[in-house]
Structures are given as structure tokens and as C-alpha cells.
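With mmCIF, C-alpha atoms inside, this is upload-v3.cif:
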data_upload
loop_
_atom_site.label_atom_id
_atom_site.label_comp_id
_atom_site.auth_asym_id
_atom_site.auth_seq_id
_atom_site.Cartn_x
_atom_site.Cartn_y
_atom_site.Cartn_z
CA MET A 30 0.00 0.00 0.00
CA GLN A 31 1.27 3.45 -0.91
CA THR A 32 1.09 6.01 1.82
CA GLU A 33 2.76 9.34 2.06
CA PRO A 34 3.23 10.66 5.54
CA THR A 35 2.34 14.27 6.05
CA THR A 36 3.32 16.33 9.02
CA VAL A 37 0.83 18.33 10.96
CA GLN A 38 2.81 21.07 12.63
CA THR A 39 0.96 21.82 15.80
CA ASP A 40 2.35 25.27 16.35
CA PRO A 41 5.32 26.18 14.19
CA THR A 42 5.09 29.87 15.02
CA ASP A 43 5.43 29.24 18.70
CA ALA A 44 8.35 26.88 18.17
CA GLN A 45 10.25 29.55 16.25
CA THR A 46 9.63 32.52 18.43
CA GLN A 47 9.79 30.88 21.82
CA PRO A 48 12.43 28.20 21.81
CA THR A 49 11.54 25.86 24.65
CA ASP A 50 11.54 22.13 25.11
CA MET A 51 9.25 22.18 22.08
CA GLN A 52 12.40 22.48 19.99
CA THR A 53 14.01 19.34 21.26
CA GLN A 54 10.67 17.55 21.24
CA PRO A 55 8.93 18.84 18.15
CA THR A 56 5.19 18.76 18.53
CA ALA A 57 4.05 17.24 15.32
CA ILE A 58 1.55 14.56 14.69
CA GLN A 59 2.36 12.39 11.74
CA THR A 60 -0.56 11.66 9.51
CA ASP A 61 -0.31 8.81 7.05
CA THR A 62 -2.94 9.52 4.50
CA GLN A 63 -3.94 7.46 1.53
CA THR A 64 -6.24 10.00 0.00
CA GLU A 65 -4.82 13.47 0.38
CA PRO A 66 -1.05 13.30 0.64
CA GLY A 67 0.38 16.63 1.66
CA ALA A 68 -3.04 18.15 2.18
CA SER A 69 -2.98 18.72 5.88
CA GLN A 70 -0.70 21.49 7.00
CA ALA A 71 -2.20 22.94 10.12
CA GLN A 72 -2.20 26.71 10.28
CA PRO A 73 -2.82 27.74 13.85
CA THR A 74 -4.63 31.02 13.99
CA SER A 75 -3.49 32.02 17.41
CA ALA A 76 0.17 31.93 18.38
CA GLY A 77 -0.76 32.25 22.02
CA ASP A 78 -2.91 29.13 22.00
CA SER A 79 -2.16 27.07 25.05
CA ASN A 80 -3.11 23.74 23.58
CA PRO A 81 -1.66 23.32 20.09
CA ILE A 82 -1.70 19.53 20.17
CA ARG A 83 -5.41 19.41 20.92
CA ASP A 84 -6.05 21.92 18.15
CA ALA A 85 -4.00 19.91 15.66
CA ILE A 86 -5.88 16.74 16.54
CA ALA A 87 -9.26 18.43 16.23
CA GLU A 88 -8.19 19.88 12.92
CA ALA A 89 -7.01 16.52 11.61
CA ILE A 90 -10.34 14.95 12.61
CA GLY A 91 -12.16 17.70 10.76
CA GLU A 92 -9.98 17.53 7.67
CA HIS A 93 -10.05 13.81 7.02
CA LYS A 94 -13.26 12.03 6.15
CA VAL A 95 -11.97 8.86 7.81
CA ILE A 96 -9.10 9.04 10.29
CA LEU A 97 -7.69 6.39 12.58
CA PHE A 98 -5.64 7.16 15.67
CA MET A 99 -3.59 4.06 16.34
CA LYS A 100 -0.44 2.61 17.85
CA GLY A 101 2.10 2.28 15.06
CA THR A 102 1.29 2.67 11.39
CA PRO A 103 -1.07 0.81 9.05
CA GLU A 104 1.99 -0.93 7.60
CA ALA A 105 3.43 -1.76 11.02
CA PRO A 106 0.78 -1.68 13.74
CA ALA A 107 2.28 -1.77 17.22
CA CYS A 108 -0.74 -3.28 18.94
CA GLY A 109 -3.16 -6.09 18.10
CA PHE A 110 -6.22 -3.88 18.55
CA SER A 111 -4.86 -1.30 16.13
CA ALA A 112 -3.95 -4.08 13.69
CA ARG A 113 -7.49 -5.49 13.75
CA THR A 114 -9.01 -2.08 13.15
CA VAL A 115 -6.70 -1.42 10.20
CA ALA A 116 -7.56 -4.85 8.80
CA ALA A 117 -11.29 -4.07 8.90
CA LEU A 118 -10.77 -0.79 7.03
CA GLN A 119 -8.52 -2.44 4.48
CA ALA A 120 -11.02 -5.27 3.96
CA LEU A 121 -13.53 -2.62 2.92
CA ASP A 122 -10.96 -0.86 0.72
CA ALA A 123 -11.78 2.25 2.73
CA PRO A 124 -9.29 5.09 2.30
CA PHE A 125 -8.25 6.50 5.66
CA ALA A 126 -5.72 8.79 7.26
CA ALA A 127 -3.76 7.35 10.17
CA VAL A 128 -2.07 9.01 13.12
CA ASP A 129 0.46 7.16 15.26
CA VAL A 130 -0.10 8.18 18.89
CA LEU A 131 3.09 6.57 20.19
CA PRO A 132 5.71 9.26 19.37
CA ASP A 133 4.27 11.68 21.94
CA PRO A 134 2.12 10.62 24.93
CA ARG A 135 0.39 13.99 24.78
CA ILE A 136 -1.32 13.02 21.53
CA ARG A 137 -3.16 10.20 23.26
CA GLN A 138 -3.92 12.37 26.27
CA GLU A 139 -5.40 15.19 24.23
CA LEU A 140 -7.22 12.84 21.88
CA SER A 141 -8.98 11.15 24.78
CA ALA A 142 -9.88 14.55 26.20
CA ILE A 143 -11.53 15.48 22.90
CA SER A 144 -13.27 12.17 22.28
CA ASN A 145 -14.14 11.14 25.84
CA TRP A 146 -12.82 7.73 24.90
CA PRO A 147 -10.00 6.19 26.92
CA THR A 148 -8.44 3.61 24.61
CA ILE A 149 -6.53 3.39 21.34
CA PRO A 150 -7.35 2.85 18.49
CA GLN A 151 -10.05 5.42 17.80
CA LEU A 152 -11.75 5.65 14.43
CA PHE A 153 -13.46 8.85 13.29
CA ALA A 154 -15.63 9.31 10.21
CA ASN A 155 -17.09 12.63 9.12
CA GLY A 156 -15.81 14.22 12.31
CA GLU A 157 -17.59 11.73 14.60
CA LEU A 158 -16.11 9.01 16.78
CA ILE A 159 -17.17 5.64 15.37
CA GLY A 160 -15.49 3.65 18.12
CA GLY A 161 -12.53 1.56 19.10
CA CYS A 162 -11.48 -1.89 17.98
CA ASP A 163 -14.48 -3.70 19.48
CA ILE A 164 -17.13 -1.47 17.93
CA VAL A 165 -15.34 -1.27 14.58
CA THR A 166 -15.02 -5.06 14.47
CA GLU A 167 -18.66 -5.52 15.44
CA MET A 168 -19.80 -3.02 12.82
CA PHE A 169 -17.56 -4.62 10.20
CA GLU A 170 -19.08 -8.04 10.88
CA SER A 171 -22.64 -6.69 10.77
CA GLY A 172 -22.04 -4.68 7.61
CA GLU A 173 -22.66 -1.34 9.33
CA LEU A 174 -19.08 -0.13 9.03
CA ALA A 175 -19.16 0.44 5.29
CA GLU A 176 -22.23 2.62 5.73
CA ALA A 177 -20.70 4.60 8.59
CA LEU A 178 -17.66 5.43 6.46
CA GLN A 179 -19.74 6.91 3.63
CA MET B 14 -3.39 -5.86 39.06
CA ALA B 15 -7.04 -6.89 39.02
CA SER B 16 -8.89 -10.16 38.73
CA ALA B 17 -11.66 -10.92 36.26
CA GLU B 18 -14.00 -11.41 39.22
CA GLU B 19 -13.14 -7.98 40.57
CA ILE B 20 -13.80 -6.36 37.19
CA LYS B 21 -17.12 -8.19 36.96
CA GLN B 22 -18.20 -7.09 40.43
CA ARG B 23 -17.28 -3.48 39.82
CA ILE B 24 -19.22 -3.35 36.55
CA GLU B 25 -22.28 -4.98 38.10
CA ALA B 26 -22.14 -2.72 41.17
CA SER B 27 -21.84 0.47 39.12
CA ILE B 28 -24.23 -0.01 36.20
CA PRO B 29 -27.92 -0.48 36.97
CA GLY B 30 -29.20 -3.90 35.99
CA ALA B 31 -25.82 -5.04 34.64
CA GLN B 32 -24.69 -8.59 34.26
CA ALA B 33 -21.09 -9.09 33.20
CA ASP B 34 -19.00 -11.99 32.02
CA VAL B 35 -15.34 -11.14 32.32
CA GLU B 36 -12.33 -13.05 31.09
CA ASP B 37 -8.67 -12.34 31.78
CA THR B 38 -7.38 -12.83 28.25
CA THR B 39 -3.70 -13.17 29.09
CA GLY B 40 -3.81 -14.31 32.69
CA GLY B 41 -1.69 -11.31 33.59
CA GLY B 42 -4.38 -9.29 35.35
CA ASP B 43 -4.27 -6.40 32.89
CA HIS B 44 -6.00 -7.53 29.69
CA PHE B 45 -9.69 -8.29 29.99
CA ARG B 46 -12.62 -9.08 27.77
CA ALA B 47 -16.11 -8.36 29.08
CA THR B 48 -19.58 -9.05 27.78
CA VAL B 49 -22.02 -6.80 29.57
CA THR B 50 -25.81 -6.91 29.43
CA ALA B 51 -27.61 -4.07 31.19
CA THR B 52 -31.01 -2.44 31.22
CA ALA B 53 -29.13 0.86 31.47
CA PHE B 54 -27.94 0.32 27.88
CA GLU B 55 -31.43 0.53 26.43
CA GLY B 56 -31.82 3.35 23.96
CA ARG B 57 -28.10 4.10 23.97
CA THR B 58 -25.64 3.82 21.10
CA ARG B 59 -22.72 1.39 21.25
CA ILE B 60 -20.39 4.29 21.95
CA GLU B 61 -22.52 5.39 24.91
CA GLN B 62 -22.79 1.83 26.19
CA HIS B 63 -19.03 1.35 26.09
CA ARG B 64 -18.47 4.73 27.74
CA LEU B 65 -20.69 3.68 30.65
CA VAL B 66 -18.46 0.66 31.22
CA TYR B 67 -15.20 2.56 30.74
CA ASP B 68 -16.43 5.19 33.19
CA VAL B 69 -16.54 2.55 35.93
CA PHE B 70 -12.75 2.37 35.77
CA GLY B 71 -11.80 5.91 34.84
CA ALA B 72 -8.05 6.45 34.55
CA GLU B 73 -7.37 2.78 35.32
CA ILE B 74 -8.12 2.10 31.65
CA GLY B 75 -4.83 2.47 29.86
CA GLY B 76 -3.10 2.35 33.24
CA PRO B 77 -3.26 -0.79 35.39
CA ILE B 78 -6.01 -2.12 33.14
CA HIS B 79 -4.12 -2.13 29.88
CA ALA B 80 -7.04 -3.33 27.78
CA LEU B 81 -10.73 -3.91 28.36
CA SER B 82 -12.35 -5.36 25.30
CA LEU B 83 -16.12 -4.90 25.37
CA LYS B 84 -19.27 -6.34 23.95
CA THR B 85 -22.39 -4.61 25.26
CA GLN B 86 -26.10 -5.16 24.80
CA SER B 87 -29.39 -4.39 26.47
CA PRO B 88 -31.50 -7.35 27.63
CA ALA B 89 -33.99 -6.62 24.84
CA GLN B 90 -31.36 -6.98 22.15
CA THR B 91 -30.82 -10.35 20.57
CA PRO B 92 -27.34 -11.46 21.48
CA PRO B 93 -25.13 -11.18 18.42
CA GLN B 94 -23.84 -14.38 16.77
#
Output the structure of this file as C-alpha cells.
Amino acid sequence: MQTEPTTVQTDPTDAQTQPTDMQTQPTAIQTDTQTEPGASQAQPTSAGDSNPIRDAIAEAIGEHKVILFMKGTPEAPACGFSARTVAALQALDAPFAAVDVLPDPRIRQELSAISNWPTIPQLFANGELIGGCDIVTEMFESGELAEALQ
Amino acid sequence: MASAEEIKQRIEASIPGAQADVEDTTGGGDHFRATVTATAFEGRTRIEQHRLVYDVFGAEIGGPIHALSLKTQSPAQTPPQ
């Protein structure tokens, strides 16, 4: 499968003007997208925003029709639950963007704060949380998943 | 570290009308699979049903409870499979 990773810079302005630990630990979420390579470059509107990671996540959810937050990548999932969720999407030939939450624990923290969902993976379609591995698997088996991804 | 029995009791004590079957999938006390039937699930989406169960454990999910795999249904629903 061909994927081109794109980088969502969470707050490049802040990183340039106020060199902090953000420089040594760049706050970027990597989005592997199969549909819109290079399409998602976050442009924060407020340099003084206190929560750039949360903003970048919310923006990524809004920008991608189907987006999966997972451990590892679709090509190399780092967790069985993430692997099963990817397999369900691939079985449907559903294009999806993927974000690896492992590089920065804050991604998972902020994601769960947004979604009110404690575990990884998390699948979103059309801006809405579809569910984690259990729900996605259940919906795949019942045929509901294909409809939810429309 | 928790036992399957402890997880079961906490779910049943916290969710009205809940009956839970819990399995420790690895034997390590941190990966569980639960099937939960509860009257409280009626009229709720799967997401809402799972949230009710996750809420029983709060921050323990992803902490000491590494994984809690769920299947939820209301008593009125035909059990899947």
C-alpha cells in the first residue's frame, strides 16, 4: 500500500519565536494519509494558543473524512487492537488517514480529552467518533461499518 | 493488578441492571474481555454503552487495566452471533 506521511505542525510559530523544550521535542503529529497526501498542513490562527496539540488533533479529525488514531502505522501496527481495526478498514478498501499516537504521549492524552474515549485505536468518520477496535469489528461483521464510512 | 472477578463485580455494582461476564485474556491481570448486558444500555448507542463501562474504571483504563475489550447489549437486544 502506498502512503505518504504528512506532518501536521501543531504550532510552528510558537516553536520559532519561543524556543523551549518544544524544539528538542517537536510537537508534530504524523498523519499517514492514503487520500490526500500533503493536504494537511495545520495553520494555527493564534500563536498564544495554550493547547496546540489538541487543536492539531481536532483539525485533523475535521480535515479527514476517515481518520484512525492508532499505535504504530497501518503498515506496522504496534498493537493487536490497532492491527485489527486497520484490517477491517482495508477489507472494505476504505481510504483512511492514520495518526500514530506513540511518538508523543500527549497526543493520546489530548485525543482522549476530545473524544471522551480512553483507549486506542479510535476511528473517526465525518468528524464523529465511530469507536474503538471492538465497535469497529462488530460493525464490520454486521455490515454497518461500510455505511458509517460513507 | 485486578482479577476478572473484581472487574465483573465493579461493573455490576456500578451499572444499573448489569450482568457481566469477564475473562482475563492473558492471565496477567491487565488484559480483559467483558460481555455486559444491562437495562441501562437501552436506547443508547454502542459508543454510549461502552463509555458507561469505561467510566466505571476511569483512569485505570490504559493504566493498570491495559485493555478492556467490550461487547455490550441491552437485555432486549438479541445477542449477536
Subject >> Near-B:Met14 list (10 Å; all atoms listed in the file; drop same-chain fewer than 3 positions) as a PyMOL selection string >> reply: chain B and resi 41-44+77-79
With C-alpha atoms retained, could you export that selection as a PDB file, keeping the file's coordinate frame?
ATOM      1  CA  GLY B  41      -1.690 -11.310  33.590  1.00  0.00           C
ATOM      2  CA  GLY B  42      -4.380  -9.290  35.350  1.00  0.00           C
ATOM      3  CA  ASP B  43      -4.270  -6.400  32.890  1.00  0.00           C
ATOM      4  CA  HIS B  44      -6.000  -7.530  29.690  1.00  0.00           C
ATOM      5  CA  PRO B  77      -3.260  -0.790  35.390  1.00  0.00           C
ATOM      6  CA  ILE B  78      -6.010  -2.120  33.140  1.00  0.00           C
ATOM      7  CA  HIS B  79      -4.120  -2.130  29.880  1.00  0.00           C
TER       8      HIS B  79
END
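Distance-wise, atom CA of A:Asp61 and atom CA of A:Asp129 end up 8.4 Å apart.
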Original post:
Do you know which residues the PyMOL selection byres ((chain B) within 8 of (chain A)) returns on this file, as an NGL selection string?
Top reply: :B and (59-60 or 64 or 67 or 72 or 74-75 or 80 or 82-84)
Keeping only C-alpha atoms, write the selected residues as a PDB file, in the coordinates of the input.
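Produced file again05.pdb, reproduced below:
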ATOM      1  CA  ARG B  59     -22.720   1.390  21.250  1.00  0.00           C
ATOM      2  CA  ILE B  60     -20.390   4.290  21.950  1.00  0.00           C
ATOM      3  CA  ARG B  64     -18.470   4.730  27.740  1.00  0.00           C
ATOM      4  CA  TYR B  67     -15.200   2.560  30.740  1.00  0.00           C
ATOM      5  CA  ALA B  72      -8.050   6.450  34.550  1.00  0.00           C
ATOM      6  CA  ILE B  74      -8.120   2.100  31.650  1.00  0.00           C
ATOM      7  CA  GLY B  75      -4.830   2.470  29.860  1.00  0.00           C
ATOM      8  CA  ALA B  80      -7.040  -3.330  27.780  1.00  0.00           C
ATOM      9  CA  SER B  82     -12.350  -5.360  25.300  1.00  0.00           C
ATOM     10  CA  LEU B  83     -16.120  -4.900  25.370  1.00  0.00           C
ATOM     11  CA  LYS B  84     -19.270  -6.340  23.950  1.00  0.00           C
TER      12      LYS B  84
END
**OP:** Would you translate the PyMOL selection byres ((chain B and resi 69) around 9) into the concrete set of residues it matches in this file, as a PyMOL selection string?
**Re:** chain B and resi 23-24+27-28+64-68+70-71
**OP:** Just say which residues the PyMOL selection byres ((chain B and resi 55) around 8) picks in this file, as a PyMOL selection string.
**Re:** chain B and resi 51-54+56-57+86-89
Output for the residues just chosen: C-alpha atoms as a short mmCIF file (atom, residue, chain, number, x, y, z; two decimals), keeping the file's coordinate frame:
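For reference, result-v8.cif as written:
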data_model
loop_
_atom_site.label_atom_id
_atom_site.label_comp_id
_atom_site.auth_asym_id
_atom_site.auth_seq_id
_atom_site.Cartn_x
_atom_site.Cartn_y
_atom_site.Cartn_z
CA ALA B 51 -27.61 -4.07 31.19
CA THR B 52 -31.01 -2.44 31.22
CA ALA B 53 -29.13 0.86 31.47
CA PHE B 54 -27.94 0.32 27.88
CA GLY B 56 -31.82 3.35 23.96
CA ARG B 57 -28.10 4.10 23.97
CA GLN B 86 -26.10 -5.16 24.80
CA SER B 87 -29.39 -4.39 26.47
CA PRO B 88 -31.50 -7.35 27.63
CA ALA B 89 -33.99 -6.62 24.84
#
Original post:
How far is it from atom CA of A:Met99 to atom CA of A:Thr166, in Å with one decimal?
Top reply: 14.7 Å
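Between atom CA of A:Lys94 and atom CA of A:Ala126 there is a distance of 8.3 Å.
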May I have the centre and edge lengths, in Å to one decimal, of an axis-aligned box around the listed atoms of stretch 159-169 of chain A with 8 Å added to every side, as lines of an AutoDock Vina configuration file?
center_x = -15.6
center_y = 0.1
center_z = 14.8
size_x = 24.3
size_y = 27.2
size_z = 25.3
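Among the candidates A:Val95, A:Val115, A:Ile58, A:Ala89, the residue lying nearest to A:Leu131 is A:Ile58 (atoms considered: all atoms listed in the file).
Each of A:Ala142, A:Ala116, A:Ala154, A:Ala105 was checked against A:Glu92 using all atoms listed in the file; the smallest atom-to-atom distance is that of A:Ala154.
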Subject >> Residues within 10 Å of A:Gly91, all atoms listed in the file, excluding chain neighbours under 5 positions, as number ranges by chain >> reply: A: 85-86, 96, 153-157
So that I have them on file, write out the residues from the current selection with C-alpha atoms, as a tab-separated table (two decimals), in the frame of the given file.
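Result file follows (again_3.tsv):
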chain	number	residue	atom	x	y	z
A	85	ALA	CA	-4.00	19.91	15.66
A	86	ILE	CA	-5.88	16.74	16.54
A	96	ILE	CA	-9.10	9.04	10.29
A	153	PHE	CA	-13.46	8.85	13.29
A	154	ALA	CA	-15.63	9.31	10.21
A	155	ASN	CA	-17.09	12.63	9.12
A	156	GLY	CA	-15.81	14.22	12.31
A	157	GLU	CA	-17.59	11.73	14.60
Subject >> Nearest to A:Gln119, chosen from A:Ser144, A:Ile82, A:Thr60, A:Leu174, with all atoms listed in the file counted in the distances >> reply: A:Leu174
A:Gly101 surroundings by only C-alpha atoms, 9 Å radius, close-in-sequence under 3 positions cut, as a PDB file with C-alpha atoms, keeping the file's coordinate frame:
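Full text of part_22.pdb as output:
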ATOM      1  CA  GLU A 104       1.990  -0.930   7.600  1.00  0.00           C
ATOM      2  CA  ALA A 105       3.430  -1.760  11.020  1.00  0.00           C
ATOM      3  CA  PRO A 106       0.780  -1.680  13.740  1.00  0.00           C
ATOM      4  CA  ALA A 107       2.280  -1.770  17.220  1.00  0.00           C
ATOM      5  CA  CYS A 108      -0.740  -3.280  18.940  1.00  0.00           C
ATOM      6  CA  SER A 111      -4.860  -1.300  16.130  1.00  0.00           C
ATOM      7  CA  ALA A 112      -3.950  -4.080  13.690  1.00  0.00           C
ATOM      8  CA  VAL A 128      -2.070   9.010  13.120  1.00  0.00           C
ATOM      9  CA  ASP A 129       0.460   7.160  15.260  1.00  0.00           C
ATOM     10  CA  VAL A 130      -0.100   8.180  18.890  1.00  0.00           C
ATOM     11  CA  LEU A 131       3.090   6.570  20.190  1.00  0.00           C
ATOM     12  CA  PRO A 132       5.710   9.260  19.370  1.00  0.00           C
TER      13      PRO A 132
END
